[in-house]
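Inspection log for the structure reproduced underneath, given as structure tokens.
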Amino acid sequence: MTDLQLFYRDTRKRTETICNPLEIEDYVVQPIIDVSPPKWHLGHTTWFFEAFILAKYVVDYQEYDLQFAYVFNSYYESMGKRVVRTNRGNLSRPTVAQVYEYRAHVDTAMYQLLEGGISVELRDLITIGIHHEKQHQELLLTDIKYILGNNPLLPPYDVDFEETPNRGNGVEKMINVNEGLYTIGHQSTDFCYDNELGVHQVYVPSFRIASTLVSNRAYLEFVEDQAYQNPLLWHAEAWDWLQREQVQAPLYWHCMDGVWQRYGLAGLRSLDLDDPVTHVSYFEAFAFAQWADKRLPTEFEWEIAQKELDWGTRWEWTESSYLPYPGYAKAPGALGEYNGKFMVNQKVLRGGSVATPDAHTRHTYRNFFHPQLRWQFTGIRLAQ
């Protein structure tokens, strides 16, 4: 098999492996708008290959079901009508079995396509489809965690799942970085998304950045210091969010009989004080930095310093707004909706997380979320 065939096969198998621990009832649950049912992820990633590749590049390709484009389109307005995002959890049909049959149908056609000679353009498009599925593998894990973590029984996903593998030595030091002009952006010929392109220079004043992430121990001090009740630490919008949502601690923290516990994919466990804090919003990350008399790094500072940092277990909030690099141009057609149209009212995160698949993150990767969101494996690194 070619490298591309192996990459496609392994990625598709990994998605289904993630779903192996699920019960059939778990596949359809959608507790909030940001969380999609596992069944929908399985179908959507398959629809991407069908709609963007097979329907356009394979003569006489027969779609598995003409209604599936309506069911599994996400936000591609130019690709036609779609089920409203909030209604994904109402899709008891198609069944889970039918969705797996759909995956097999598309995989068969894709393997046949990959057996023949393909153009560079098509190879690049298939590669985007593979990385798109890898993005959804991360979403699958975090969505599954939210589904099970909001079940009153708090059932584990996998009792052996380790959310902080390869923990560093935990010794924090502040790394000094000199002022100067630095080159930012993706510079190699390896795969990247269009929002990483536009290599350019930025001037950065001298700064210091923490070598390690903020720990649960440090964040617990923030909680116990009544920081969630101190309006001086928070943005106005953040303070309104706190009052409205009654947020008192990171997502999945539970104080039971005076003892802090945390729900993880392995189930409910005592809070490990040495683990990096996770599932915090940008609002919380900013407030913690204020409390610690420090700040969050910009995405440029993070990229400049990344070789000296212990990163990869938590997506790290930065102080940078998600904006285009100089010279950014959206891709033509529907793929232009992939990143560019989200460049408003969001913050950049860097680094990757324990849920990020292999061969999918790099030091120029620009993730982005709205500042109140925290269902992803998000953490905090301080700067000054």
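Scheme for the structure tokens: letters A, B, ... for chains in order shown; per-chain residue numbers from 1; ligand numbers from 1 in order shown.
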message: Write out as a PyMOL selection string the set of residues from range 225-308 of chain A that DSSP, computed on the backbone, places in strand (DSSP E or B).
response: chain A and resi 253-256+259-264+267-270+276+295
Could the residues in this selection be written to a file with N, CA and C atoms, as a short mmCIF file (atom, residue, chain, number, x, y, z; two decimals), in the first residue's frame?
data_model
loop_
_atom_site.label_atom_id
_atom_site.label_comp_id
_atom_site.auth_asym_id
_atom_site.auth_seq_id
_atom_site.Cartn_x
_atom_site.Cartn_y
_atom_site.Cartn_z
N TRP A 253 -14.87 19.34 37.76
CA TRP A 253 -14.48 19.31 39.17
C TRP A 253 -15.74 19.17 40.02
N HIS A 254 -15.66 18.31 41.03
CA HIS A 254 -16.79 18.09 41.94
C HIS A 254 -16.27 18.09 43.38
N CYS A 255 -16.84 18.94 44.22
CA CYS A 255 -16.48 18.95 45.64
C CYS A 255 -17.49 18.10 46.39
N MET A 256 -17.06 16.93 46.84
CA MET A 256 -17.94 15.98 47.50
C MET A 256 -17.49 15.77 48.94
N VAL A 259 -14.19 17.23 49.70
CA VAL A 259 -13.02 16.69 48.99
C VAL A 259 -13.22 16.92 47.50
N TRP A 260 -12.20 17.48 46.84
CA TRP A 260 -12.29 17.73 45.42
C TRP A 260 -12.00 16.47 44.62
N GLN A 261 -12.91 16.17 43.71
CA GLN A 261 -12.72 15.07 42.78
C GLN A 261 -12.91 15.60 41.36
N ARG A 262 -12.46 14.81 40.42
CA ARG A 262 -12.53 15.25 39.02
C ARG A 262 -12.96 14.08 38.14
N TYR A 263 -13.91 14.35 37.26
CA TYR A 263 -14.31 13.32 36.30
C TYR A 263 -13.37 13.35 35.10
N GLY A 264 -12.87 12.16 34.76
CA GLY A 264 -12.05 11.99 33.57
C GLY A 264 -12.57 10.83 32.75
N GLY A 267 -13.12 7.83 34.57
CA GLY A 267 -14.13 7.85 35.63
C GLY A 267 -13.85 8.92 36.65
N LEU A 268 -14.59 8.91 37.74
CA LEU A 268 -14.44 9.89 38.80
C LEU A 268 -13.29 9.49 39.72
N ARG A 269 -12.33 10.38 39.89
CA ARG A 269 -11.16 10.10 40.72
C ARG A 269 -10.86 11.32 41.60
N SER A 270 -10.05 11.12 42.62
CA SER A 270 -9.57 12.24 43.42
C SER A 270 -8.76 13.18 42.53
N PRO A 276 -1.71 18.97 35.10
CA PRO A 276 -2.05 20.32 34.63
C PRO A 276 -3.56 20.51 34.63
N ARG A 295 0.38 37.03 33.03
CA ARG A 295 -0.53 37.16 31.90
C ARG A 295 -0.43 35.93 31.04
#
Residues within 10 Å of range 234-237 of chain A, only C-alpha atoms, excluding chain neighbours under 6 positions, as a short mmCIF file (atom, residue, chain, number, x, y, z; two decimals) with N, CA, C and O atoms, in the first residue's frame:
data_model
loop_
_atom_site.label_atom_id
_atom_site.label_comp_id
_atom_site.auth_asym_id
_atom_site.auth_seq_id
_atom_site.Cartn_x
_atom_site.Cartn_y
_atom_site.Cartn_z
N ALA A 227 -11.52 33.40 44.20
CA ALA A 227 -11.30 34.17 42.97
C ALA A 227 -12.54 34.23 42.09
O ALA A 227 -12.75 35.21 41.37
N TYR A 228 -13.36 33.18 42.14
CA TYR A 228 -14.58 33.17 41.33
C TYR A 228 -15.62 34.17 41.87
O TYR A 228 -16.61 34.44 41.21
N PHE A 283 -11.78 32.82 29.63
CA PHE A 283 -12.16 33.71 30.73
C PHE A 283 -11.45 33.31 32.02
O PHE A 283 -10.91 34.16 32.75
N GLU A 284 -11.46 32.01 32.33
CA GLU A 284 -10.83 31.52 33.56
C GLU A 284 -9.31 31.62 33.48
O GLU A 284 -8.64 31.95 34.47
N ALA A 285 -8.76 31.32 32.30
CA ALA A 285 -7.31 31.41 32.13
C ALA A 285 -6.82 32.84 32.35
O ALA A 285 -5.81 33.08 33.03
N PHE A 286 -7.55 33.81 31.79
CA PHE A 286 -7.18 35.21 31.96
C PHE A 286 -7.26 35.62 33.43
O PHE A 286 -6.37 36.27 33.96
N ALA A 287 -8.35 35.23 34.09
CA ALA A 287 -8.54 35.60 35.49
C ALA A 287 -7.46 34.99 36.37
O ALA A 287 -6.94 35.65 37.30
N PHE A 288 -7.10 33.72 36.09
CA PHE A 288 -6.03 33.09 36.87
C PHE A 288 -4.72 33.85 36.69
O PHE A 288 -3.98 34.08 37.67
N GLN A 290 -4.35 36.98 36.00
CA GLN A 290 -4.46 38.22 36.76
C GLN A 290 -4.17 37.97 38.24
O GLN A 290 -3.44 38.71 38.89
N TRP A 291 -4.78 36.91 38.76
CA TRP A 291 -4.61 36.55 40.17
C TRP A 291 -3.14 36.24 40.48
O TRP A 291 -2.64 36.57 41.56
N PRO A 371 -14.28 32.34 23.73
CA PRO A 371 -13.62 32.42 25.05
C PRO A 371 -14.33 31.72 26.19
O PRO A 371 -13.70 31.42 27.21
N GLN A 372 -15.63 31.45 26.07
CA GLN A 372 -16.35 30.80 27.17
C GLN A 372 -16.28 29.27 27.11
O GLN A 372 -16.68 28.59 28.06
#
- prompt: How far is it from CA of Leu220 in chain A to CA of Pro155 in chain A, in Å with one decimal?
  reply: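 Going from CA of Leu220 in chain A over to CA of Pro155 in chain A, I get 24.6 Å.
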query: Just how far from CA of Ile126 in chain A is CA of Tyr61 in chain A, in Å to one decimal?
result: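 If I compute the distance from CA of Tyr61 in chain A to CA of Ile126 in chain A, I get 16.5 Å.
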field: Pairwise distance for CA of Val83 in chain A and CA of Tyr70 in chain A, rounded to one decimal in Å
entry: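 Separation between CA of Val83 in chain A and CA of Tyr70 in chain A: 6.1 Å.
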- prompt: Near Phe207 in chain A, counting only C-alpha atoms, which residues have an atom at most 8 Å away, once you skip same-chain residues fewer than 2 positions from it, shown as JSON, numbers by chain?
  reply: {"A": [176, 177, 178, 179, 205, 209, 383, 384]}
Restricting it to C-alpha atoms, dump the selection as a compact mmCIF listing (two decimals), in the first residue's frame.
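Wrote it out as out24.txt, contents follow:
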# COMPACT_ATOMS: atom_id res chain seq x y z
CA ASN A 176 13.73 34.43 29.17
CA VAL A 177 13.30 35.37 25.52
CA ASN A 178 15.06 38.39 24.04
CA GLU A 179 13.31 41.08 22.08
CA PRO A 205 9.58 42.78 23.15
CA ILE A 209 7.25 32.32 29.70
CA ALA A 383 3.93 34.66 30.78
CA GLN A 384 5.18 38.06 31.92
- request: Pick out the closest residue to Phe191 in chain A from this set: A:Phe222, A:Trp311, A:Tyr325, A:Tyr365. Count only C-alpha atoms.
  value: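 Closest residue, counting only C-alpha atoms: A:Tyr365.
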field: Who sits within 7 Å of range 21-37 of chain A, only C-alpha atoms, same chain under 5 positions skipped, as a list in words
entry: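 Close residues of range 21-37 of chain A: Arg85, Thr86, Arg88, Gly89, Ser92, Asp143, Ile147, Tyr157 and Asp158 of chain A.
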message: as a PyMOL selection string, please: the residues near Tyr182 in chain A (cut-off 7 Å, only C-alpha atoms, same-chain neighbours under 2 positions excluded).
response: chain A and resi 180+184+201-203
- request: Mind checking which residues fall within 12 Å of Gln306 in chain A, counting only C-alpha atoms, ignoring those fewer than 6 positions away in the same chain, and posting them as a list in words?
  value: Ile175, Val177, Ile184, Ile209, Ala210, Ser211, Thr212, Pro297, Thr298, Glu299, Phe300, Gly312, Glu316, Arg350, Gly351, Arg362, His363, Thr364, Tyr365 and Arg381 of chain A
message: Could you check the closest approach to Thr378 in chain A for each of A:Tyr64, A:Trp315, A:Tyr193, A:Tyr322 and tell me which residue wins, using only C-alpha atoms?
response: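 Comparing A:Tyr64, A:Trp315, A:Tyr193, A:Tyr322 against Thr378 in chain A, the winner is A:Trp315.
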